[in-house]
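Have a look at final10.cif; it's mmCIF, C-alpha atoms and all ligand atoms:
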data_final
loop_
_atom_site.label_atom_id
_atom_site.label_comp_id
_atom_site.auth_asym_id
_atom_site.auth_seq_id
_atom_site.Cartn_x
_atom_site.Cartn_y
_atom_site.Cartn_z
CA MET G 15 25.27 -12.78 -15.98
CA LEU G 16 23.88 -16.25 -15.57
CA ARG G 17 26.02 -17.45 -18.33
CA LYS G 18 29.02 -16.14 -16.46
CA MET G 19 27.82 -17.88 -13.36
CA PHE G 20 27.62 -21.14 -15.18
CA GLN G 21 31.07 -20.67 -16.54
CA ARG G 22 32.37 -19.93 -13.11
CA ASN G 23 30.87 -23.11 -11.82
CA SER G 24 31.77 -25.16 -14.79
CA PHE G 25 33.34 -28.47 -14.32
CA HIS G 26 36.34 -29.12 -16.40
CA ILE G 27 35.45 -30.69 -19.66
CA ILE G 28 36.64 -34.19 -20.13
CA LYS G 29 37.43 -34.90 -23.69
CA TYR G 30 36.68 -38.14 -25.28
CA ARG G 31 37.11 -39.55 -28.58
CA VAL G 32 34.00 -40.29 -30.47
CA ARG G 33 34.17 -43.38 -32.49
CA ARG G 34 30.78 -43.51 -33.99
CA THR G 35 27.74 -41.43 -34.57
CA VAL G 36 24.66 -42.15 -32.70
CA ARG G 37 21.80 -43.46 -34.70
CA GLY G 38 19.04 -40.95 -35.31
CA VAL G 39 21.14 -37.90 -34.63
CA GLY G 40 22.95 -36.33 -37.48
CA PHE G 41 26.05 -35.39 -35.61
CA ALA G 42 28.60 -33.58 -37.56
CA LEU G 43 31.50 -34.48 -35.49
CA GLY G 44 34.82 -33.17 -36.29
CA LYS G 45 38.11 -34.78 -35.79
CA VAL G 46 37.96 -35.39 -32.16
CA HIS G 47 41.12 -37.04 -31.28
CA GLY G 48 42.00 -35.61 -27.86
CA ARG G 49 39.89 -32.54 -28.45
CA ARG G 50 36.68 -31.18 -27.15
CA VAL G 51 33.93 -31.77 -29.62
CA ARG G 52 30.75 -29.88 -29.99
CA LEU G 53 27.61 -30.94 -31.67
CA ALA G 54 27.49 -28.68 -34.63
CA ALA G 55 24.07 -29.58 -35.82
CA LEU G 56 21.26 -31.47 -34.31
CA ALA G 57 18.56 -33.26 -36.15
CA ILE G 58 16.00 -32.12 -33.61
CA SER G 59 15.05 -28.53 -34.07
CA SER G 60 16.32 -26.22 -31.39
CA ALA G 61 16.60 -22.55 -30.87
CA LEU G 62 19.52 -23.19 -28.65
CA ALA G 63 22.64 -24.70 -29.90
CA ILE G 64 23.68 -27.20 -27.36
CA GLY G 65 27.09 -28.59 -27.47
CA PHE G 66 28.96 -30.76 -25.13
CA VAL G 67 31.56 -33.33 -25.04
CA VAL G 68 30.37 -36.57 -26.37
CA ALA G 69 31.83 -39.70 -24.98
CA ALA G 70 31.60 -43.14 -26.21
CA THR G 71 32.87 -46.46 -25.16
CA GLN G 72 33.25 -49.67 -26.89
CA GLY G 73 30.48 -52.13 -26.81
CA ASP G 74 26.84 -52.05 -27.67
CA ARG G 75 25.43 -50.80 -24.41
CA THR G 76 27.03 -47.43 -23.89
CA THR G 77 25.50 -45.21 -21.23
CA TYR G 78 26.37 -41.67 -20.33
CA ALA G 79 26.74 -39.97 -17.00
CA VAL G 80 25.99 -36.25 -16.80
CA TYR G 81 28.08 -34.15 -14.41
CA PHE G 82 27.24 -30.72 -13.10
CA ASN G 83 29.38 -28.83 -10.61
CA GLY G 84 31.53 -31.91 -10.26
CA LYS G 85 28.70 -34.15 -9.27
CA GLN G 86 27.03 -36.81 -11.32
CA ILE G 87 23.45 -35.74 -11.55
CA TRP G 88 21.95 -37.81 -14.29
CA GLN G 89 22.52 -40.55 -16.69
CA ALA G 90 21.04 -41.60 -19.94
CA GLY G 91 21.20 -44.30 -22.48
CA SER G 92 21.80 -42.08 -25.46
CA GLN G 93 23.23 -38.71 -26.38
CA VAL G 94 19.94 -37.78 -27.95
CA GLU G 95 18.30 -38.17 -24.58
CA ILE G 96 20.89 -35.89 -23.04
CA VAL G 97 20.54 -33.26 -25.76
CA GLU G 98 16.80 -33.26 -25.45
CA ALA G 99 16.88 -33.21 -21.67
CA LEU G 100 19.32 -30.29 -21.56
CA GLN G 101 17.28 -28.40 -24.12
CA SER G 102 14.26 -28.89 -21.98
CA VAL G 103 16.09 -27.60 -18.91
CA GLU G 104 17.46 -24.64 -20.89
CA THR G 105 13.98 -23.77 -22.01
CA ARG G 106 12.80 -23.85 -18.41
CA LEU G 107 15.76 -21.77 -17.29
CA ALA G 108 15.05 -19.20 -19.99
CA ALA G 109 11.47 -19.00 -18.77
CA ILE G 110 12.58 -18.57 -15.18
CA THR G 111 15.41 -16.11 -15.67
CA GLY G 112 14.28 -14.35 -18.82
CA GLU G 113 17.68 -15.00 -20.33
CA GLU G 114 18.94 -17.49 -22.83
CA ILE G 115 21.03 -19.90 -20.89
CA SER G 116 23.50 -22.33 -22.27
CA LEU G 117 24.48 -25.19 -20.07
CA ILE G 118 27.19 -26.15 -22.44
CA ASP G 119 30.09 -25.10 -20.31
CA SER G 120 28.65 -26.35 -17.09
CA ILE G 121 27.83 -29.87 -18.09
CA SER G 122 30.19 -32.72 -18.67
CA VAL G 123 29.28 -36.07 -20.06
CA LEU G 124 31.23 -39.21 -19.37
CA PRO G 125 30.69 -42.77 -20.32
CA ALA G 126 29.20 -44.72 -17.51
CA ASP G 127 28.83 -48.34 -16.55
CA SER G 128 26.01 -50.04 -18.25
CA GLY G 129 25.29 -51.37 -14.80
CA ALA G 130 24.47 -47.88 -13.55
CA HIS G 131 21.94 -47.41 -16.25
CA ALA G 132 20.17 -50.46 -15.05
CA ALA G 133 19.43 -48.57 -11.86
CA GLY G 134 16.35 -47.26 -13.63
CA PHE G 135 15.11 -44.54 -15.88
CA MET G 136 15.72 -41.05 -14.59
CA GLY G 137 13.17 -38.48 -15.70
CA VAL G 138 14.13 -35.07 -17.07
CA ASP G 139 12.80 -33.48 -13.90
CA THR G 140 15.52 -35.26 -11.94
CA LEU G 141 18.07 -33.54 -14.13
CA GLU G 142 16.23 -30.28 -13.94
CA THR G 143 15.96 -30.40 -10.16
CA ALA G 144 19.62 -31.22 -9.80
CA ILE G 145 20.61 -28.32 -12.05
CA MET G 146 18.24 -25.89 -10.37
CA GLU G 147 19.48 -26.89 -6.94
CA GLY G 148 23.01 -26.31 -8.11
CA LEU G 149 22.44 -22.77 -9.39
CA PRO G 150 23.18 -19.99 -6.91
CA ASN G 151 20.58 -17.52 -8.21
CA VAL G 152 17.65 -19.87 -8.64
CA SER G 153 15.59 -21.22 -5.74
CA GLU G 154 12.49 -23.24 -5.19
CA MET G 155 9.90 -20.83 -3.84
CA PHE G 156 6.19 -20.30 -3.50
CA THR G 157 5.16 -18.05 -6.34
CA ALA G 158 2.07 -16.02 -7.04
CA SER G 159 1.17 -15.50 -10.69
CA VAL G 160 -1.52 -13.41 -12.30
CA ASP G 161 -2.55 -14.29 -15.84
CA GLY G 162 0.43 -16.59 -16.10
CA ARG G 163 2.95 -13.95 -15.09
CA ILE G 164 4.86 -14.48 -11.87
CA ILE G 165 4.36 -11.44 -9.66
CA GLY G 166 6.64 -12.48 -6.83
CA ALA G 167 7.99 -15.31 -4.80
CA THR G 168 8.48 -16.14 -1.15
CA ASP G 169 9.49 -19.09 0.95
CA ASP G 170 6.53 -18.49 3.26
CA GLY G 171 3.65 -20.23 1.53
CA ALA G 172 1.23 -19.75 4.41
CA ALA G 173 1.86 -15.99 4.54
CA LEU G 174 1.43 -15.77 0.78
CA LEU G 175 -1.90 -17.57 0.98
CA ARG G 176 -3.01 -15.26 3.77
CA THR G 177 -1.86 -12.19 1.86
CA VAL G 178 -3.81 -13.13 -1.27
CA LYS G 179 -6.96 -13.54 0.81
CA GLU G 180 -6.33 -10.26 2.61
CA ILE G 181 -5.83 -8.31 -0.62
CA VAL G 182 -9.30 -9.25 -1.78
CA ASP G 183 -10.83 -8.82 1.65
CA GLU G 184 -9.36 -5.33 2.04
CA TYR G 185 -12.03 -4.13 -0.35
CA ARG G 186 -14.87 -5.81 1.49
CA ASN G 187 -17.09 -3.95 3.94
CA GLU G 188 -20.33 -4.68 5.77
CA ASN G 189 -22.37 -3.59 2.72
CA THR G 190 -20.49 -5.74 0.22
CA VAL G 191 -22.74 -8.22 -1.54
CA GLU G 192 -20.44 -9.29 -4.36
CA ILE G 193 -16.68 -9.50 -4.64
CA SER G 194 -14.51 -11.08 -7.28
CA MET G 195 -11.17 -10.72 -8.91
CA ASP G 196 -10.25 -10.30 -12.56
CA GLY G 197 -7.71 -12.96 -13.35
CA ASP G 198 -6.88 -15.58 -10.80
CA ILE G 199 -3.90 -15.48 -8.58
CA VAL G 200 -2.24 -18.85 -8.99
CA MET G 201 0.05 -20.00 -6.24
CA ARG G 202 2.49 -22.82 -6.65
CA SER G 203 5.87 -24.06 -5.70
CA GLU G 204 8.49 -23.75 -8.41
CA TYR G 205 12.03 -22.73 -9.21
CA VAL G 206 12.40 -19.04 -9.80
CA SER G 207 15.13 -16.52 -10.27
CA ASP G 208 16.04 -15.04 -6.88
CA GLY G 209 15.24 -11.58 -8.27
CA LEU G 210 11.57 -12.45 -7.84
CA ILE G 211 11.87 -13.14 -4.12
CA MET G 212 10.12 -10.47 -2.06
CA ASP G 213 9.17 -9.99 1.53
CA ILE G 214 5.46 -10.27 2.23
CA PRO G 215 4.70 -6.50 2.28
CA GLU G 216 6.46 -6.10 -1.08
CA LEU G 217 4.62 -9.06 -2.49
CA ARG G 218 1.34 -7.67 -1.18
CA GLU G 219 1.97 -4.36 -3.00
CA ALA G 220 3.03 -6.08 -6.21
CA LEU G 221 -0.07 -8.27 -6.16
CA ARG G 222 -2.31 -5.36 -5.33
CA ARG G 223 -1.02 -3.55 -8.42
CA SER G 224 -1.54 -6.64 -10.58
CA ILE G 225 -5.10 -7.52 -9.76
CA THR G 226 -8.46 -5.91 -10.25
CA VAL G 227 -11.02 -6.48 -7.54
CA ARG G 228 -14.63 -6.03 -8.54
CA ARG G 229 -17.03 -5.35 -5.75
CA ALA G 230 -20.66 -4.38 -5.33
CA ASP G 231 -22.03 -2.74 -2.20
CA GLN G 232 -25.71 -2.59 -1.46
CA VAL G 233 -27.04 0.16 0.77
CA THR G 234 -30.54 1.20 1.77
CA ASP G 235 -31.00 4.89 2.55
CA ALA G 236 -34.07 6.63 3.91
CA VAL G 237 -34.74 9.50 1.51
CA GLN G 238 -37.10 12.32 2.42
CA ILE G 239 -40.03 12.92 0.11
CA PRO G 240 -40.95 16.62 0.21
CA PHE G 241 -44.58 17.39 0.96
CA ASP G 242 -46.85 19.34 -1.33
CA THR G 243 -48.60 22.51 -0.23
CA GLU G 244 -52.21 23.10 -1.04
CA TYR G 245 -53.71 26.60 -0.80
CA ILE G 246 -57.35 27.05 0.05
CA ALA G 247 -59.14 30.35 -0.12
CA ASP G 248 -60.79 31.24 3.19
CA ASN G 249 -63.21 34.13 3.58
CA THR G 250 -62.94 34.11 7.37
CA ILE G 251 -59.34 35.24 7.11
CA TYR G 252 -58.33 38.74 6.10
CA LYS G 253 -56.80 39.14 2.67
CA GLY G 254 -53.02 38.93 2.87
CA ASP G 255 -53.14 36.68 5.91
CA GLU G 256 -52.45 32.94 5.82
CA LYS G 257 -53.08 30.19 8.27
CA ILE G 258 -51.65 26.66 8.18
CA SER G 259 -54.58 24.31 8.81
CA VAL G 260 -52.65 21.07 8.20
CA ALA G 261 -48.91 21.02 8.80
CA GLY G 262 -46.99 19.25 6.05
CA VAL G 263 -44.92 16.18 6.94
CA PRO G 264 -42.22 14.85 4.62
CA GLY G 265 -42.60 11.24 3.53
CA VAL G 266 -39.90 8.58 3.71
CA LEU G 267 -38.67 6.51 0.78
CA ASN G 268 -36.35 3.57 1.39
CA VAL G 269 -34.03 3.49 -1.60
CA THR G 270 -31.76 0.48 -2.06
CA THR G 271 -28.82 1.10 -4.36
CA LYS G 272 -26.08 -1.16 -5.60
CA THR G 273 -22.75 0.50 -6.35
CA TYR G 274 -20.08 -1.23 -8.41
CA TYR G 275 -16.44 -0.64 -7.60
CA LEU G 276 -13.17 -1.38 -9.38
CA ASN G 277 -10.34 -1.56 -6.86
CA GLY G 278 -12.37 0.52 -4.45
CA GLU G 279 -13.35 3.21 -6.96
CA ALA G 280 -17.04 3.58 -7.67
CA GLN G 281 -17.85 2.97 -11.34
CA SER G 282 -21.62 2.85 -11.55
CA GLN G 283 -24.71 2.70 -9.45
CA ILE G 284 -28.13 1.21 -9.97
CA ILE G 285 -31.28 1.49 -7.92
CA ILE G 286 -32.42 -1.96 -6.86
CA SER G 287 -35.66 -0.89 -5.23
CA SER G 288 -37.43 2.08 -3.73
CA VAL G 289 -40.13 1.41 -1.20
CA THR G 290 -42.32 4.11 0.31
CA GLN G 291 -42.16 3.80 4.06
CA ALA G 292 -44.34 6.80 4.77
CA GLU G 293 -46.37 8.94 2.39
CA PRO G 294 -45.88 12.68 2.73
CA VAL G 295 -48.67 14.69 4.35
CA THR G 296 -49.79 17.61 2.19
CA GLN G 297 -49.60 20.95 3.94
CA VAL G 298 -52.84 22.89 3.78
CA VAL G 299 -52.64 26.67 3.89
CA LEU G 300 -55.71 28.82 4.22
CA GLN G 301 -55.36 32.05 2.27
CA GLY G 302 -57.53 34.90 3.42
CA THR G 303 -59.95 36.50 0.97
CA ARG G 304 -61.94 38.59 3.40
CA PRO G 305 -61.46 42.31 2.83
CA ARG G 306 -59.44 43.69 5.70
CA PRO G 307 -61.27 46.44 7.61
CA LYS G 308 -59.23 49.56 8.05
CA THR G 309 -59.14 49.04 11.81
CA ALA G 310 -58.12 45.41 11.72
CA SER G 311 -54.81 44.57 13.35
CA TYR G 312 -51.85 43.50 11.27
CA GLY G 313 -50.15 41.91 14.26
CA LYS G 314 -47.18 44.18 13.56
CA TYR G 315 -46.57 47.58 15.17
CA ILE G 316 -45.46 50.96 13.92
CA TRP G 317 -43.86 53.67 16.06
CA PRO G 318 -46.55 55.70 17.84
CA VAL G 319 -44.79 59.06 17.05
CA LYS G 320 -43.19 60.38 13.91
CA ASN G 321 -39.78 61.57 15.03
CA VAL G 322 -38.58 59.18 17.68
CA VAL G 323 -36.34 60.42 20.46
CA LEU G 324 -36.02 57.70 23.08
CA THR G 325 -35.57 59.25 26.52
CA SER G 326 -35.98 56.15 28.69
CA ASN G 327 -35.73 52.44 28.10
CA PHE G 328 -37.75 49.54 29.40
CA GLY G 329 -36.76 47.88 32.66
CA LEU G 330 -34.83 48.84 35.79
CA ARG G 331 -33.64 52.44 35.97
CA LYS G 332 -32.49 54.98 38.48
CA ALA G 333 -35.81 56.34 39.73
CA THR G 334 -35.97 60.10 39.78
CA ILE G 335 -39.62 60.19 38.97
CA GLY G 336 -41.93 57.29 38.16
CA SER G 337 -41.30 53.59 38.74
CA ALA G 338 -37.82 52.15 39.29
CA ASN G 339 -38.94 49.26 37.16
CA HIS G 340 -39.99 51.02 33.98
CA LYS G 341 -42.80 49.10 32.27
CA GLY G 342 -42.44 50.85 28.94
CA ILE G 343 -40.33 53.29 26.94
CA ASP G 344 -40.41 57.06 26.94
CA VAL G 345 -40.35 59.02 23.69
CA GLY G 346 -39.60 62.73 23.87
CA GLY G 347 -41.30 65.48 21.87
CA SER G 348 -43.09 68.76 22.13
CA ARG G 349 -46.50 69.22 23.63
CA GLY G 350 -49.24 68.46 21.14
CA THR G 351 -47.15 66.05 19.01
CA ASP G 352 -49.45 63.50 17.29
CA ILE G 353 -49.61 60.05 18.88
CA PHE G 354 -50.57 57.20 16.51
CA ALA G 355 -52.19 53.85 17.21
CA ALA G 356 -49.29 51.35 16.82
CA ASP G 357 -51.75 48.87 15.23
CA GLY G 358 -55.48 48.60 14.59
CA GLY G 359 -57.75 47.58 17.45
CA ILE G 360 -60.41 48.67 19.88
CA VAL G 361 -59.99 51.44 22.44
CA ILE G 362 -60.54 49.89 25.85
CA MET G 363 -59.53 52.96 27.91
CA ALA G 364 -59.46 56.66 27.12
CA GLU G 365 -59.43 58.69 30.36
CA ARG G 366 -57.35 60.16 33.15
CA TYR G 367 -56.00 57.15 35.03
CA SER G 368 -53.85 57.50 38.15
CA SER G 369 -50.17 58.34 37.62
CA PHE G 370 -50.53 57.65 33.83
CA GLY G 371 -52.49 60.89 33.51
CA LEU G 372 -54.51 60.96 30.29
CA ILE G 373 -54.07 57.50 28.78
CA VAL G 374 -55.34 55.50 25.80
CA GLN G 375 -55.29 51.69 25.93
CA ILE G 376 -55.94 49.73 22.71
CA ARG G 377 -56.60 46.00 22.56
CA HIS G 378 -55.46 44.54 19.26
CA ASP G 379 -57.03 41.57 17.48
CA ASN G 380 -54.38 39.15 18.77
CA GLY G 381 -55.05 40.17 22.39
CA ASP G 382 -52.02 42.45 22.79
CA ILE G 383 -52.73 45.72 24.60
CA THR G 384 -50.78 48.96 24.00
CA TYR G 385 -50.65 51.97 26.43
CA TYR G 386 -50.17 55.61 25.44
CA ALA G 387 -49.79 57.71 28.64
CA HIS G 388 -49.20 61.32 29.92
CA CYS G 389 -51.17 62.71 26.96
CA SER G 390 -52.28 66.34 26.82
CA GLU G 391 -55.41 65.51 24.86
CA LEU G 392 -57.36 62.32 23.92
CA LEU G 393 -58.90 62.11 20.41
CA VAL G 394 -60.71 58.73 20.76
CA SER G 395 -63.16 57.19 23.22
CA GLU G 396 -63.62 53.80 24.80
CA GLY G 397 -65.27 51.21 22.54
CA GLU G 398 -64.14 52.93 19.34
CA ARG G 399 -62.23 50.96 16.68
CA VAL G 400 -59.06 52.65 15.45
CA TYR G 401 -56.77 51.87 12.53
CA ARG G 402 -53.03 51.57 12.50
CA GLY G 403 -51.45 55.03 12.23
CA GLN G 404 -54.62 56.85 13.33
CA THR G 405 -53.92 59.91 15.53
CA ILE G 406 -55.45 58.96 18.86
CA ALA G 407 -53.97 61.59 21.23
CA LYS G 408 -51.53 64.49 21.63
CA MET G 409 -48.29 64.36 23.60
CA GLY G 410 -48.28 66.04 27.03
CA SER G 411 -47.10 65.63 30.61
CA THR G 412 -50.19 64.67 32.59
CA GLY G 413 -50.06 62.31 35.58
CA ARG G 414 -46.75 61.55 37.23
CA SER G 415 -44.46 63.01 34.62
CA GLY G 416 -41.23 65.00 34.70
CA GLY G 417 -41.84 66.64 31.32
CA VAL G 418 -43.58 66.32 27.97
CA HIS G 419 -43.19 62.77 26.61
CA LEU G 420 -45.10 59.68 25.57
CA HIS G 421 -44.91 56.68 27.88
CA PHE G 422 -45.58 53.62 25.67
CA GLU G 423 -46.20 50.04 26.85
CA ILE G 424 -46.93 46.75 25.16
CA HIS G 425 -48.63 43.89 27.00
CA PRO G 426 -48.48 40.80 24.78
CA GLY G 427 -51.69 38.81 25.04
CA GLY G 428 -52.94 41.34 27.61
CA GLY G 429 -50.44 40.04 30.21
CA GLU G 430 -47.28 41.48 31.73
CA ALA G 431 -45.56 44.40 30.00
CA ALA G 432 -42.73 43.52 27.61
CA ASP G 433 -39.96 45.65 26.10
CA PRO G 434 -41.65 47.54 23.21
CA LEU G 435 -38.35 47.72 21.33
CA LYS G 436 -38.68 44.01 20.72
CA TYR G 437 -41.97 44.62 18.89
CA LEU G 438 -41.35 47.90 17.10
CA PRO G 439 -39.61 47.98 13.75
ZN ZN T 501 -42.44 56.23 31.12
#
Structure re-expressed in structure tokens:
Amino acid sequence: MLRKMFQRNSFHIIKYRVRRTVRGVGFALGKVHGRRVRLAALAISSALAIGFVVAATQGDRTTYAVYFNGKQIWQAGSQVEIVEALQSVETRLAAITGEEISLIDSISVLPADSGAHAAGFMGVDTLETAIMEGLPNVSEMFTASVDGRIIGATDDGAALLRTVKEIVDEYRNENTVEISMDGDIVMRSEYVSDGLIMDIPELREALRRSITVRRADQVTDAVQIPFDTEYIADNTIYKGDEKISVAGVPGVLNVTTKTYYLNGEAQSQIIISSVTQAEPVTQVVLQGTRPRPKTASYGKYIWPVKNVVLTSNFGLRKATIGSANHKGIDVGGSRGTDIFAADGGIVIMAERYSSFGLIVQIRHDNGDITYYAHCSELLVSEGERVYRGQTIAKMGSTGRSGGVHLHFEIHPGGGEAADPLKYLP
């Protein structure tokens, strides 16, 4: 492709007759009368066979002008210089384009005035620059290389510089304590094949794929330390009951960790430090050992009759008989049905009392009071301790009652009546 390009741009070859070999170069020049002559073999070692028309003039001080695309771009005092210079440029071109390039058909050499040579020594880079500038698919650009490999090129050096910085910084956050890159990105200005020219977003992506950013983030987290629980036997508490005497409080541990990332992916983590900010407070639980008397309260209620048929709920109701605001629940049954103490406690009332008729009131150990009203018969007396499930009365219809039933109330803490269904199982 490039070779074709060169041929397309090639200047016509001017043929000259060579009259003598140049000292130091083992030219094998053929018969050159009016013909183009190529250097068949060069004394200097070269992977590339460079050939061009060799010109010579009479006289001791021959100089040579090098033409490319019709323009004189260089001159030298010897053919060896030209051969070496072109080889050097070809090597550079091969590196840039990835192709073996022969300048042979693009370069012409003519004898020049010795006066021109006196203008001064022209370095190989002058030749190289002139050739590069004359090639359509090679441009001087800002390049970014990683590990010696050009990743891309742009004419916007400032944007490239910014992009390189941004690529690394993209991985940084407020916890980042270390950041570095494997392999340096080297930026420079040089001639490159136009195929390497990219816009900045493309270049950013290509660079991002080519580099490895190592980063370490350091974070301190408050970690909860669970509290221990200590159990202490207590003979003032009934067996089976527990009481928390000291509430446990979790402690706080400040743990500082350092996490290592490769291109944003966590690879490993180490703990830098862990500092106790607050010790946990051990929870102390008193476990009862005292034998529970039969009449002690459990703090939990059972239904006061065996087969429950609810006939009226707690709260507002259409008053036919009794209060419009019903302070308890009614449970139906036949006269004489056993009524049980819903929990252990002490009987604080066992008598005929107003519209309740025959009623039993029991105060439980936690202060709750339960009512059992409209009974036909009372089986306990005031001041007597009763156990949970003990038969304390028989169902009836005494007091203000429309029929045989148990009217049951619960007064938590001895206060206002509450809905018993919230307390019964
Ligand atoms: Zn009732």
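Using only C-alpha atoms and all ligand atoms, residues with at least one atom at most 8 Å away from any atom of ligand ZN 501 (chain T) are Ser326, Gly336, His340, Lys341, Gly342, Ile343, Asp344, Ala387, Ser415, His419, Leu420, His421 and Phe422 of chain G.
The interatomic distance for the pair CA of Val178 (chain G) and CA of Ile214 (chain G) works out to 10.3 Å.
Distances here use all atoms listed in the file; by that measure, the residue among G:Ile383, G:Ser153, G:Val94, G:Asp213 closest to Asp170 (chain G) is G:Asp213.
Note that the spacing between CA of Leu141 (chain G) and CA of Trp88 (chain G) amounts to 5.8 Å.
Using only C-alpha atoms, the smallest distance between any of G:Glu423, G:Asn339, G:Ser287, G:Thr303 and Val374 (chain G) comes from G:Glu423.
One distance worth recording is that between CA of Gly265 (chain G) and CA of Gln283 (chain G), which is 23.7 Å.
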Worksheet item: Leaving out region 97-105 of chain G and any residue of its chain fewer than 5 positions from it, which residues lie within 6 Å of it when counting all atoms listed in the file, given as a list in words?
Response: Ile115, Val138 and Glu142 of chain G
Practice prompt. Using only C-alpha atoms, find the one residue out of G:Glu204, G:Glu391, G:Glu188, G:Glu244 that sits nearest to Gln301 (chain G).
Written response: G:Glu244
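Remark: for Ser159 (chain G), the closest of the candidate residues G:Ser368, G:Ser311, G:Ser348, G:Ser224 is G:Ser224 (distances computed over only C-alpha atoms).
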Fill in: Option closest in space to Gly350 (chain G), from G:His378, G:Arg222, G:Lys436, G:His388 [counting all atoms listed in the file]
G:His388
Discussion item. At a cut-off of 12 Å around the point (-2.2, -16.0, 4.0) (file coordinates), what residues fall inside when counting only C-alpha atoms? I'd like the answer as a PyMOL selection string.
Written reply: chain G and resi 158+168+170-183+201+214-215+217-218
Produce a file of the selected residues containing C-alpha atoms, as a JSON list (two decimals), in the coordinates of the input.
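Result went into selection.json, see below:
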[["chain", "number", "residue", "atom", "x", "y", "z"],
["G", 158, "ALA", "CA", 2.07, -16.02, -7.04],
["G", 168, "THR", "CA", 8.48, -16.14, -1.15],
["G", 170, "ASP", "CA", 6.53, -18.49, 3.26],
["G", 171, "GLY", "CA", 3.65, -20.23, 1.53],
["G", 172, "ALA", "CA", 1.23, -19.75, 4.41],
["G", 173, "ALA", "CA", 1.86, -15.99, 4.54],
["G", 174, "LEU", "CA", 1.43, -15.77, 0.78],
["G", 175, "LEU", "CA", -1.90, -17.57, 0.98],
["G", 176, "ARG", "CA", -3.01, -15.26, 3.77],
["G", 177, "THR", "CA", -1.86, -12.19, 1.86],
["G", 178, "VAL", "CA", -3.81, -13.13, -1.27],
["G", 179, "LYS", "CA", -6.96, -13.54, 0.81],
["G", 180, "GLU", "CA", -6.33, -10.26, 2.61],
["G", 181, "ILE", "CA", -5.83, -8.31, -0.62],
["G", 182, "VAL", "CA", -9.30, -9.25, -1.78],
["G", 183, "ASP", "CA", -10.83, -8.82, 1.65],
["G", 201, "MET", "CA", 0.05, -20.00, -6.24],
["G", 214, "ILE", "CA", 5.46, -10.27, 2.23],
["G", 215, "PRO", "CA", 4.70, -6.50, 2.28],
["G", 217, "LEU", "CA", 4.62, -9.06, -2.49],
["G", 218, "ARG", "CA", 1.34, -7.67, -1.18]]
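Ranking G:Lys253, G:Arg229, G:Arg106, G:Lys320 by their shortest atom-to-atom distance to Thr405 (chain G), with all atoms listed in the file included, puts G:Lys320 first.
Summary of the local environment: counting all atoms listed in the file, residues at most 12 Å from Gln238 (chain G), other than itself and those fewer than 3 positions away along its chain, are Asp235, Phe241, Val263, Pro264, Gly265, Val266, Leu267, Asn268, Val269, Ser288, Val289, Thr290, Gln291, Ala292, Glu293, Pro294 and Val295 of chain G.
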As AutoDock Vina command-line options, please report the centre and edge lengths, rounded to one decimal in Å, of the axis-aligned box that holds all listed atoms of region 344-356 of chain G with 4 Å of padding on each of the six sides.
--center_x -45.9 --center_y 60.3 --center_z 21.7 --size_x 20.6 --size_y 25.9 --size_z 18.4
Item to complete: Mind listing whatever residues come within 12 Å of the point (-55.9, 39.1, 7.6)? Use only C-alpha atoms, file coordinates, and give them as a PyMOL selection string.
Response: chain G and resi 248-257+300-314+358+379-380
